[in-house]
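Worksheet: the structure to be examined is printed underneath.
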Amino acid sequence: MPAAADGAVLGDNCQLHYSATLGGAGALTEVPVVIDDNINSERRSAESNCRGDSEIKELLGKPKHSISANLLFKRGTPGATFLTLQNAYVNGTVLHFALTSGAIADTGQHVFRLEGQIKSWNMTRGDNDTVKVAIEIVPVASNSYASNWSVVSA
Amino acid sequence: MFSLMSDERQEQMNGPYIGQVDEVPLTNDDGSPKLDEAGKPIVIKLRVVASTAGKPPEPEGPQQ
């Protein structure tokens with residue numbers, strides 16, 4: 001396998017994969033064309049203002065992760081992946097997702113993995129034959145898979 | 001803010017832990033295996049380097 005470019009950030013040719021098999025060992029299928037991929041992570045917080053404090057501070061809790069992206073499909077013939085993901089959104093199916101910093105089979109590539117449901121499905125016909133679907137994927141309480149970063153090893 | 005997760009629920013967040021390696025095959029849109037240039041199915045190894053589940057739990061055993 002070729003070596004990946006240095007760095008863990010989302011770079012050129014970053015890819016979104018999914019699997020219907022949960023747990024992290026299921027076969028991954030690439031979502032054909034994905035742009036504007038985002039990994040979002042934020043710790044929930046509460047402000048603390050106790051007697052004697054000279055300033056407001058924050059109590060940070062556990063992180064909340066999510067993936068957002070824009071999927072591009074061809075109008076009229078969007079393909080099997082479009083139907084799989086649309087059905088997963090409509091039926092509330094939990095899927096395994098892997099967002100890579102580049103081509104997934106390259107050694108040293110960084111992969112963010114998350115299991116969850118598609119929370120939003122916003123479909124627009126942006127240009128000519130292109131259908132754009134903006135999605136957000138979030139972990140759900142019914143699933144106990146821990147979101148993680150992995151590296152492709154030889 | 002408070003957490004709705006009980007200790008028992010937290011224990012169910014049991015992986016993947018840091019250091020775990022998953023062997024994952026790649027498939028095409030139609031479900032067929034993705035092949036390399038030699039015609040062999042591509043299987044990648046994913047080694048976990050950071051996880052919200054943290055490190056593997058210490059093995060339970062008799063106290064020395």
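Following the order of the structure tokens, first chain is A, next is B, and so on, with residues numbered from 1 inside each chain and ligands from 1 in the order they appear.
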Review point. Which residues in stretch 62-148 of chain A does DSSP call strand (DSSP E or B)? List them as a ChimeraX atom specification.
Key: /A:62-74,95-100,107,110-127,130-138,148
Check your understanding: Contacts of A:Ile35 at 10 Å or less, counting only C-alpha atoms, minus same-chain residues fewer than 6 places along, as a VMD selection string?
Key -> chain A and resid 13 to 16 68 to 72 132 134
Exercise for review: Output as a ChimeraX atom specification all residues of chain A that backbone DSSP marks as helix (DSSP H, G or I).
Suggested key: /A:80-91
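Nearest residue to chain A, choosing from B:Arg47, B:Lys34, B:Lys40, B:Lys55 and counting only C-alpha atoms: B:Arg47.
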Kindly provide the residues of chain B that approach chain A to within 8 Å, each paired with its closest atom pair and their distance in Å to one decimal, based on only C-alpha atoms, listed by chain and increasing number, as CSV.
```
residue,atom,partner,partner_atom,distance
B:Met1,CA,A:Ala46,CA,5.6
B:Gln12,CA,A:Ser144,CA,6.3
B:Met13,CA,A:Ser144,CA,5.0
B:Asn14,CA,A:Tyr145,CA,7.2
B:Gly15,CA,A:Ala146,CA,5.7
B:Pro16,CA,A:Ala146,CA,6.2
B:Asp22,CA,A:Ala25,CA,5.7
B:Glu23,CA,A:Ala25,CA,6.1
B:Val24,CA,A:Ala25,CA,5.2
B:Pro25,CA,A:Ala27,CA,4.7
B:Leu26,CA,A:Leu28,CA,4.9
B:Thr27,CA,A:Thr29,CA,5.0
B:Asn28,CA,A:Thr29,CA,5.8
B:Asp29,CA,A:Thr29,CA,6.3
B:Asp30,CA,A:Ala80,CA,7.1
B:Gly31,CA,A:Thr29,CA,7.7
B:Ile42,CA,A:Ala105,CA,7.9
B:Ile44,CA,A:Ala105,CA,6.3
B:Lys45,CA,A:Ser153,CA,5.4
B:Leu46,CA,A:Val152,CA,4.7
B:Arg47,CA,A:Ser150,CA,5.1
B:Val48,CA,A:Ser150,CA,4.1
B:Val49,CA,A:Ser150,CA,5.3
B:Ala50,CA,A:Trp149,CA,5.1
B:Ser51,CA,A:Asn148,CA,4.1
B:Thr52,CA,A:Ala146,CA,5.5
B:Ala53,CA,A:Ala146,CA,5.5
```
Let me see the file: selected residues, N, CA and C atoms, as a PDB file, in the first residue's frame.
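Saved the output as again_26.pdb:
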```pdb
ATOM      1  N   MET B   1     -24.332  21.333  34.411  1.00  0.00           N
ATOM      2  CA  MET B   1     -24.617  20.148  33.587  1.00  0.00           C
ATOM      3  C   MET B   1     -24.427  18.896  34.410  1.00  0.00           C
ATOM      4  N   GLN B  12     -20.464   0.043  29.876  1.00  0.00           N
ATOM      5  CA  GLN B  12     -20.821  -0.589  28.610  1.00  0.00           C
ATOM      6  C   GLN B  12     -20.128   0.090  27.425  1.00  0.00           C
ATOM      7  N   MET B  13     -19.563   1.274  27.650  1.00  0.00           N
ATOM      8  CA  MET B  13     -18.787   1.916  26.585  1.00  0.00           C
ATOM      9  C   MET B  13     -17.458   1.188  26.515  1.00  0.00           C
ATOM     10  N   ASN B  14     -17.483  -0.016  26.009  1.00  0.00           N
ATOM     11  CA  ASN B  14     -16.329  -0.896  26.186  1.00  0.00           C
ATOM     12  C   ASN B  14     -15.517  -1.071  24.918  1.00  0.00           C
ATOM     13  N   GLY B  15     -15.276  -0.020  24.270  1.00  0.00           N
ATOM     14  CA  GLY B  15     -14.363  -0.129  23.159  1.00  0.00           C
ATOM     15  C   GLY B  15     -14.859   0.557  21.906  1.00  0.00           C
ATOM     16  N   PRO B  16     -13.977   0.675  20.957  1.00  0.00           N
ATOM     17  CA  PRO B  16     -12.618   0.133  20.960  1.00  0.00           C
ATOM     18  C   PRO B  16     -11.685   0.924  21.859  1.00  0.00           C
ATOM     19  N   ASP B  22      -8.309  -3.405  14.303  1.00  0.00           N
ATOM     20  CA  ASP B  22      -9.408  -4.028  13.562  1.00  0.00           C
ATOM     21  C   ASP B  22      -8.954  -4.306  12.137  1.00  0.00           C
ATOM     22  N   GLU B  23      -9.228  -5.495  11.653  1.00  0.00           N
ATOM     23  CA  GLU B  23      -8.972  -5.804  10.247  1.00  0.00           C
ATOM     24  C   GLU B  23     -10.277  -5.631   9.483  1.00  0.00           C
ATOM     25  N   VAL B  24     -10.281  -4.697   8.539  1.00  0.00           N
ATOM     26  CA  VAL B  24     -11.522  -4.277   7.886  1.00  0.00           C
ATOM     27  C   VAL B  24     -11.409  -4.446   6.381  1.00  0.00           C
ATOM     28  N   PRO B  25     -12.284  -5.249   5.768  1.00  0.00           N
ATOM     29  CA  PRO B  25     -12.292  -5.343   4.294  1.00  0.00           C
ATOM     30  C   PRO B  25     -12.994  -4.142   3.677  1.00  0.00           C
ATOM     31  N   LEU B  26     -12.639  -3.841   2.437  1.00  0.00           N
ATOM     32  CA  LEU B  26     -13.292  -2.757   1.703  1.00  0.00           C
ATOM     33  C   LEU B  26     -14.173  -3.352   0.618  1.00  0.00           C
ATOM     34  N   THR B  27     -15.338  -2.757   0.415  1.00  0.00           N
ATOM     35  CA  THR B  27     -16.248  -3.254  -0.618  1.00  0.00           C
ATOM     36  C   THR B  27     -16.643  -2.137  -1.559  1.00  0.00           C
ATOM     37  N   ASN B  28     -17.081  -2.527  -2.770  1.00  0.00           N
ATOM     38  CA  ASN B  28     -17.590  -1.575  -3.747  1.00  0.00           C
ATOM     39  C   ASN B  28     -19.047  -1.245  -3.455  1.00  0.00           C
ATOM     40  N   ASP B  29     -19.570  -0.324  -4.236  1.00  0.00           N
ATOM     41  CA  ASP B  29     -20.951   0.126  -4.080  1.00  0.00           C
ATOM     42  C   ASP B  29     -21.947  -1.026  -4.174  1.00  0.00           C
ATOM     43  N   ASP B  30     -21.638  -2.039  -4.987  1.00  0.00           N
ATOM     44  CA  ASP B  30     -22.554  -3.169  -5.176  1.00  0.00           C
ATOM     45  C   ASP B  30     -22.326  -4.290  -4.167  1.00  0.00           C
ATOM     46  N   GLY B  31     -21.449  -4.070  -3.218  1.00  0.00           N
ATOM     47  CA  GLY B  31     -21.211  -5.075  -2.181  1.00  0.00           C
ATOM     48  C   GLY B  31     -20.093  -6.055  -2.498  1.00  0.00           C
ATOM     49  N   ILE B  42      -8.906  -6.144  -0.785  1.00  0.00           N
ATOM     50  CA  ILE B  42      -8.189  -5.220   0.095  1.00  0.00           C
ATOM     51  C   ILE B  42      -8.748  -5.334   1.509  1.00  0.00           C
ATOM     52  N   ILE B  44      -7.759  -3.656   5.261  1.00  0.00           N
ATOM     53  CA  ILE B  44      -6.880  -2.708   5.953  1.00  0.00           C
ATOM     54  C   ILE B  44      -6.872  -3.001   7.447  1.00  0.00           C
ATOM     55  N   LYS B  45      -5.765  -2.629   8.093  1.00  0.00           N
ATOM     56  CA  LYS B  45      -5.661  -2.754   9.552  1.00  0.00           C
ATOM     57  C   LYS B  45      -5.786  -1.363  10.156  1.00  0.00           C
ATOM     58  N   LEU B  46      -6.741  -1.205  11.055  1.00  0.00           N
ATOM     59  CA  LEU B  46      -6.948   0.080  11.718  1.00  0.00           C
ATOM     60  C   LEU B  46      -6.531  -0.041  13.178  1.00  0.00           C
ATOM     61  N   ARG B  47      -5.482   0.716  13.553  1.00  0.00           N
ATOM     62  CA  ARG B  47      -4.992   0.687  14.934  1.00  0.00           C
ATOM     63  C   ARG B  47      -5.510   1.927  15.656  1.00  0.00           C
ATOM     64  N   VAL B  48      -6.228   1.725  16.747  1.00  0.00           N
ATOM     65  CA  VAL B  48      -6.842   2.835  17.478  1.00  0.00           C
ATOM     66  C   VAL B  48      -5.760   3.609  18.230  1.00  0.00           C
ATOM     67  N   VAL B  49      -5.682   4.921  17.997  1.00  0.00           N
ATOM     68  CA  VAL B  49      -4.687   5.758  18.682  1.00  0.00           C
ATOM     69  C   VAL B  49      -5.334   6.697  19.694  1.00  0.00           C
ATOM     70  N   ALA B  50      -6.626   6.957  19.577  1.00  0.00           N
ATOM     71  CA  ALA B  50      -7.337   7.780  20.554  1.00  0.00           C
ATOM     72  C   ALA B  50      -8.789   7.336  20.558  1.00  0.00           C
ATOM     73  N   SER B  51      -9.360   7.196  21.751  1.00  0.00           N
ATOM     74  CA  SER B  51     -10.724   6.698  21.846  1.00  0.00           C
ATOM     75  C   SER B  51     -11.399   7.292  23.072  1.00  0.00           C
ATOM     76  N   THR B  52     -12.682   7.604  22.959  1.00  0.00           N
ATOM     77  CA  THR B  52     -13.401   8.095  24.130  1.00  0.00           C
ATOM     78  C   THR B  52     -13.566   7.003  25.165  1.00  0.00           C
ATOM     79  N   ALA B  53     -13.314   5.746  24.802  1.00  0.00           N
ATOM     80  CA  ALA B  53     -13.333   4.645  25.769  1.00  0.00           C
ATOM     81  C   ALA B  53     -12.008   4.549  26.519  1.00  0.00           C
TER      82      ALA B  53
END
```
**Study point:** Interatomic distance (Å, one decimal) between atom CA of A:Pro78 and atom CA of A:Asn40
**Key:** 27.1 Å
Study note, to complete from the structure: Here atom CA of A:Asn87 and atom CA of A:Gly102 stand apart by 26.9 Å
Check your understanding: Which neighbours of A:Ala20 fall inside 8 Å, counting only C-alpha atoms, when residues of the same chain fewer than 6 positions from it are skipped, and could you give them as JSON, numbers by chain?
Key -> {"A": [26, 94, 95, 96]}
